[in-house]
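This is target_8.cif. It holds mmCIF, C-alpha atoms.
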data_entry
loop_
_atom_site.group_PDB
_atom_site.id
_atom_site.type_symbol
_atom_site.label_atom_id
_atom_site.label_comp_id
_atom_site.auth_asym_id
_atom_site.auth_seq_id
_atom_site.Cartn_x
_atom_site.Cartn_y
_atom_site.Cartn_z
ATOM 1 C CA MET A 1 0.000 0.000 0.000
ATOM 2 C CA SER A 2 1.344 3.451 -0.835
ATOM 3 C CA ASP A 3 1.431 6.630 1.222
ATOM 4 C CA ALA A 4 -0.149 8.619 -1.619
ATOM 5 C CA LYS A 5 -2.999 10.898 -0.678
ATOM 6 C CA SER A 6 -6.375 10.397 -2.306
ATOM 7 C CA VAL A 7 -7.200 12.736 -5.174
ATOM 8 C CA PHE A 8 -10.779 12.848 -3.905
ATOM 9 C CA PRO A 9 -11.663 15.328 -1.177
ATOM 10 C CA SER A 10 -12.907 13.926 2.085
ATOM 11 C CA PRO A 11 -16.628 14.379 2.772
ATOM 12 C CA SER A 12 -15.839 17.185 5.208
ATOM 13 C CA THR A 13 -13.965 19.238 2.616
ATOM 14 C CA SER A 14 -15.490 20.982 -0.324
ATOM 15 C CA PRO A 15 -14.150 21.596 -3.807
ATOM 16 C CA PHE A 16 -16.525 24.589 -4.087
ATOM 17 C CA PRO A 17 -15.862 28.160 -2.989
ATOM 18 C CA GLY A 18 -17.842 28.916 0.132
ATOM 19 C CA GLY A 19 -17.505 25.381 1.442
ATOM 20 C CA ARG A 20 -20.623 23.843 -0.093
ATOM 21 C CA SER A 21 -20.448 20.137 -0.780
ATOM 22 C CA VAL A 22 -21.541 18.387 -3.965
ATOM 23 C CA ALA A 23 -24.635 17.074 -2.172
ATOM 24 C CA SER A 24 -25.781 20.566 -1.236
ATOM 25 C CA GLN A 25 -25.372 21.665 -4.848
ATOM 26 C CA ALA A 26 -27.933 19.181 -6.171
ATOM 27 C CA ILE A 27 -30.963 20.779 -7.775
ATOM 28 C CA ALA A 28 -34.311 19.232 -6.954
ATOM 29 C CA THR A 29 -36.211 18.201 -10.056
ATOM 30 C CA PRO A 30 -39.632 16.682 -10.659
ATOM 31 C CA CYS A 31 -38.390 14.899 -13.797
ATOM 32 C CA VAL A 32 -39.534 11.279 -13.962
ATOM 33 C CA LYS A 33 -37.782 10.537 -17.281
ATOM 34 C CA ILE A 34 -41.061 10.528 -19.237
ATOM 35 C CA CYS A 35 -40.237 13.496 -21.422
ATOM 36 C CA GLN A 36 -43.171 13.918 -23.766
ATOM 37 C CA VAL A 37 -44.846 17.277 -24.289
ATOM 38 C CA ASP A 38 -48.586 17.436 -24.866
ATOM 39 C CA PRO A 39 -49.081 19.534 -28.030
ATOM 40 C CA VAL A 40 -52.308 21.118 -26.758
ATOM 41 C CA SER A 41 -51.257 22.198 -23.267
ATOM 42 C CA SER A 42 -47.476 22.368 -23.815
ATOM 43 C CA LEU A 43 -47.015 20.492 -20.527
ATOM 44 C CA CYS A 44 -44.658 17.577 -20.076
ATOM 45 C CA LEU A 45 -46.771 14.454 -19.549
ATOM 46 C CA GLY A 46 -44.213 13.109 -17.103
ATOM 47 C CA CYS A 47 -43.629 16.000 -14.722
ATOM 48 C CA GLY A 48 -46.188 18.649 -15.657
ATOM 49 C CA ARG A 49 -43.731 21.461 -16.331
ATOM 50 C CA THR A 50 -43.954 23.761 -19.328
ATOM 51 C CA THR A 51 -41.162 23.693 -21.883
ATOM 52 C CA GLN A 52 -40.156 27.169 -20.662
ATOM 53 C CA GLU A 53 -39.894 25.916 -17.077
ATOM 54 C CA ILE A 54 -37.869 22.895 -18.159
ATOM 55 C CA GLY A 55 -35.464 25.102 -20.107
ATOM 56 C CA ALA A 56 -35.036 27.602 -17.274
ATOM 57 C CA TRP A 57 -34.975 25.047 -14.438
ATOM 58 C CA THR A 58 -31.291 25.276 -13.521
ATOM 59 C CA SER A 59 -31.311 29.082 -13.560
ATOM 60 C CA MET A 60 -34.427 29.397 -11.345
ATOM 61 C CA SER A 61 -34.053 30.150 -7.676
ATOM 62 C CA ALA A 62 -34.719 27.302 -5.261
ATOM 63 C CA GLU A 63 -37.828 29.163 -4.093
ATOM 64 C CA ARG A 64 -39.191 29.432 -7.633
ATOM 65 C CA ARG A 65 -38.493 25.735 -8.334
ATOM 66 C CA THR A 66 -40.328 24.826 -5.123
ATOM 67 C CA ALA A 67 -43.295 26.992 -6.124
ATOM 68 C CA VAL A 68 -43.470 25.306 -9.534
ATOM 69 C CA MET A 69 -43.157 21.823 -8.005
ATOM 70 C CA ASP A 70 -46.041 22.621 -5.655
ATOM 71 C CA GLN A 71 -48.259 23.283 -8.716
ATOM 72 C CA LEU A 72 -47.357 20.154 -10.676
ATOM 73 C CA PRO A 73 -49.721 17.565 -9.125
ATOM 74 C CA ALA A 74 -52.744 19.786 -9.822
ATOM 75 C CA ARG A 75 -51.528 20.541 -13.361
ATOM 76 C CA LEU A 76 -51.155 16.854 -14.170
ATOM 77 C CA GLU A 77 -54.511 16.002 -12.572
ATOM 78 C CA ASN A 78 -56.254 18.694 -14.630
ATOM 79 C CA LEU A 79 -54.503 17.614 -17.807
ATOM 80 C CA ARG A 80 -55.385 13.969 -17.186
ATOM 81 C CA ARG A 81 -59.024 14.972 -16.687
ATOM 82 C CA GLN A 82 -59.142 17.223 -19.770
ATOM 83 C CA ARG A 83 -57.065 15.060 -22.116
ATOM 84 C CA PRO A 84 -57.005 11.439 -20.927
ATOM 85 C CA GLU A 85 -56.045 10.315 -24.418
ATOM 86 C CA ALA A 86 -52.679 12.067 -24.039
ATOM 87 C CA PHE A 87 -51.638 9.539 -21.396
ATOM 88 C CA ALA A 88 -50.586 6.032 -22.382
ATOM 89 C CA ASP A 89 -51.744 4.306 -19.196
#
Rewrite the structure from the file as structure tokens, please.
Amino acid sequence: MSDAKSVFPSPSTSPFPGGRSVASQAIATPCVKICQVDPVSSLCLGCGRTTQEIGAWTSMSAERRTAVMDQLPARLENLRRQRPEAFAD
């Protein structure tokens, strides 16, 4: 075994300015990997976001992302009620 130091930082150190770890940098996303946009509503059938929201997701504030995520269940429920044929199940 060698005395070489690991090239990976320990969990207590951070490679980011300000001391934030990789885990704290993760962006919450409602994506469920069913990326299909309904042509009538322009909502993703998987997560319920608009194409504009999807495109801007990483530049939105955490507060704005949370606000959008809070709306998604109702959006998908309304879309499912209005356009059941858009969903494969």
Could you give me, as an mmCIF file with C-alpha atoms, in the frame of the given file, the residues within 10 Å of segment 54-61 of chain A, counting all atoms listed in the file and dropping anything in the same chain fewer than 4 positions from it?
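part14.cif written:
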data_model
loop_
_atom_site.group_PDB
_atom_site.id
_atom_site.type_symbol
_atom_site.label_atom_id
_atom_site.label_comp_id
_atom_site.auth_asym_id
_atom_site.auth_seq_id
_atom_site.Cartn_x
_atom_site.Cartn_y
_atom_site.Cartn_z
ATOM 1 C CA ILE A 27 -30.963 20.779 -7.775
ATOM 2 C CA ALA A 28 -34.311 19.232 -6.954
ATOM 3 C CA THR A 29 -36.211 18.201 -10.056
ATOM 4 C CA PRO A 30 -39.632 16.682 -10.659
ATOM 5 C CA CYS A 31 -38.390 14.899 -13.797
ATOM 6 C CA LEU A 43 -47.015 20.492 -20.527
ATOM 7 C CA CYS A 44 -44.658 17.577 -20.076
ATOM 8 C CA CYS A 47 -43.629 16.000 -14.722
ATOM 9 C CA GLY A 48 -46.188 18.649 -15.657
ATOM 10 C CA ARG A 49 -43.731 21.461 -16.331
ATOM 11 C CA THR A 50 -43.954 23.761 -19.328
ATOM 12 C CA ARG A 65 -38.493 25.735 -8.334
ATOM 13 C CA THR A 66 -40.328 24.826 -5.123
ATOM 14 C CA ALA A 67 -43.295 26.992 -6.124
ATOM 15 C CA VAL A 68 -43.470 25.306 -9.534
#
Atomic distance atom CA of Glu53 of chain A - atom CA of Phe87 of chain A, expressed in Å with one decimal: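 Rounded to one decimal, the two atoms are 20.6 Å apart.
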Restricting the calculation to all atoms listed in the file: of A:Met69, A:Ala86, A:Ala74, A:Ala26, which residue gets closest to Ser41 of chain A?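 Among the listed residues, the smallest separation from Ser41 of chain A belongs to A:Ala86.
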Is it possible to get the axis-aligned box enclosing segment 69-84 of chain A (all listed atoms, 8 Å extra per side) as lines of an AutoDock Vina configuration file, with centre and edge lengths in Å rounded to one decimal?
center_x = -51.1
center_y = 17.4
center_z = -13.9
size_x = 32.0
size_y = 27.8
size_z = 32.5
Do you have the atom CA of Glu77 of chain A-atom CA of Gln52 of chain A distance handy? 19.9 Å
Smallest atom-to-atom distance to Leu45 of chain A: which of A:Arg64, A:Arg83, A:Leu76, A:Asp70, using only C-alpha atoms? A:Leu76
Could you work out how far atom CA of Pro39 of chain A lies from atom CA of Ala62 of chain A, giving the answer in Å with one decimal?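 Answer for the atom CA of Ala62 of chain A to atom CA of Pro39 of chain A separation: 28.0 Å.
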Applying 8 Å and all atoms listed in the file, which residues near Gly46 of chain A remain after dropping the ones on its own chain fewer than 3 positions away? List them as a tab-separated table (two decimals) with C-alpha atoms, keeping the file's coordinate frame.
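Generated output (selection_31.tsv):
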chain	number	residue	atom	x	y	z
A	31	CYS	CA	-38.39	14.90	-13.80
A	32	VAL	CA	-39.53	11.28	-13.96
A	33	LYS	CA	-37.78	10.54	-17.28
A	34	ILE	CA	-41.06	10.53	-19.24
A	35	CYS	CA	-40.24	13.50	-21.42
A	36	GLN	CA	-43.17	13.92	-23.77
Where atoms are lacking, segment 46-63 of chain A completed to N, CA and C atoms, as a short mmCIF file (atom, residue, chain, number, x, y, z; two decimals), in the coordinates of the input:
data_model
loop_
_atom_site.label_atom_id
_atom_site.label_comp_id
_atom_site.auth_asym_id
_atom_site.auth_seq_id
_atom_site.Cartn_x
_atom_site.Cartn_y
_atom_site.Cartn_z
N GLY A 46 -44.87 13.78 -18.21
CA GLY A 46 -44.21 13.11 -17.10
C GLY A 46 -44.22 13.93 -15.83
N CYS A 47 -43.79 15.18 -15.93
CA CYS A 47 -43.63 16.00 -14.72
C CYS A 47 -44.62 17.14 -14.60
N GLY A 48 -45.21 17.57 -15.71
CA GLY A 48 -46.19 18.65 -15.66
C GLY A 48 -45.63 20.04 -15.87
N ARG A 49 -44.32 20.14 -16.10
CA ARG A 49 -43.73 21.46 -16.33
C ARG A 49 -43.95 21.90 -17.77
N THR A 50 -43.92 23.22 -17.97
CA THR A 50 -43.95 23.76 -19.33
C THR A 50 -42.56 23.63 -19.93
N THR A 51 -42.48 23.75 -21.24
CA THR A 51 -41.16 23.69 -21.88
C THR A 51 -40.30 24.86 -21.42
N GLN A 52 -40.91 26.01 -21.15
CA GLN A 52 -40.16 27.17 -20.66
C GLN A 52 -39.59 26.88 -19.27
N GLU A 53 -40.38 26.26 -18.42
CA GLU A 53 -39.89 25.92 -17.08
C GLU A 53 -38.77 24.90 -17.14
N ILE A 54 -38.92 23.91 -18.01
CA ILE A 54 -37.87 22.90 -18.16
C ILE A 54 -36.56 23.55 -18.60
N GLY A 55 -36.65 24.44 -19.59
CA GLY A 55 -35.46 25.10 -20.11
C GLY A 55 -34.79 26.02 -19.10
N ALA A 56 -35.58 26.64 -18.24
CA ALA A 56 -35.04 27.60 -17.27
C ALA A 56 -34.75 26.98 -15.92
N TRP A 57 -35.01 25.69 -15.75
CA TRP A 57 -34.98 25.05 -14.44
C TRP A 57 -33.69 25.31 -13.65
N THR A 58 -32.55 25.13 -14.27
CA THR A 58 -31.29 25.28 -13.52
C THR A 58 -30.97 26.73 -13.19
N SER A 59 -31.58 27.68 -13.88
CA SER A 59 -31.31 29.08 -13.56
C SER A 59 -32.36 29.68 -12.61
N MET A 60 -33.41 28.92 -12.29
CA MET A 60 -34.43 29.40 -11.34
C MET A 60 -33.87 29.34 -9.93
N SER A 61 -34.41 30.21 -9.09
CA SER A 61 -34.05 30.15 -7.68
C SER A 61 -34.69 28.90 -7.06
N ALA A 62 -34.15 28.47 -5.96
CA ALA A 62 -34.72 27.30 -5.26
C ALA A 62 -36.16 27.57 -4.86
N GLU A 63 -36.46 28.81 -4.48
CA GLU A 63 -37.83 29.16 -4.09
C GLU A 63 -38.78 29.05 -5.28
#
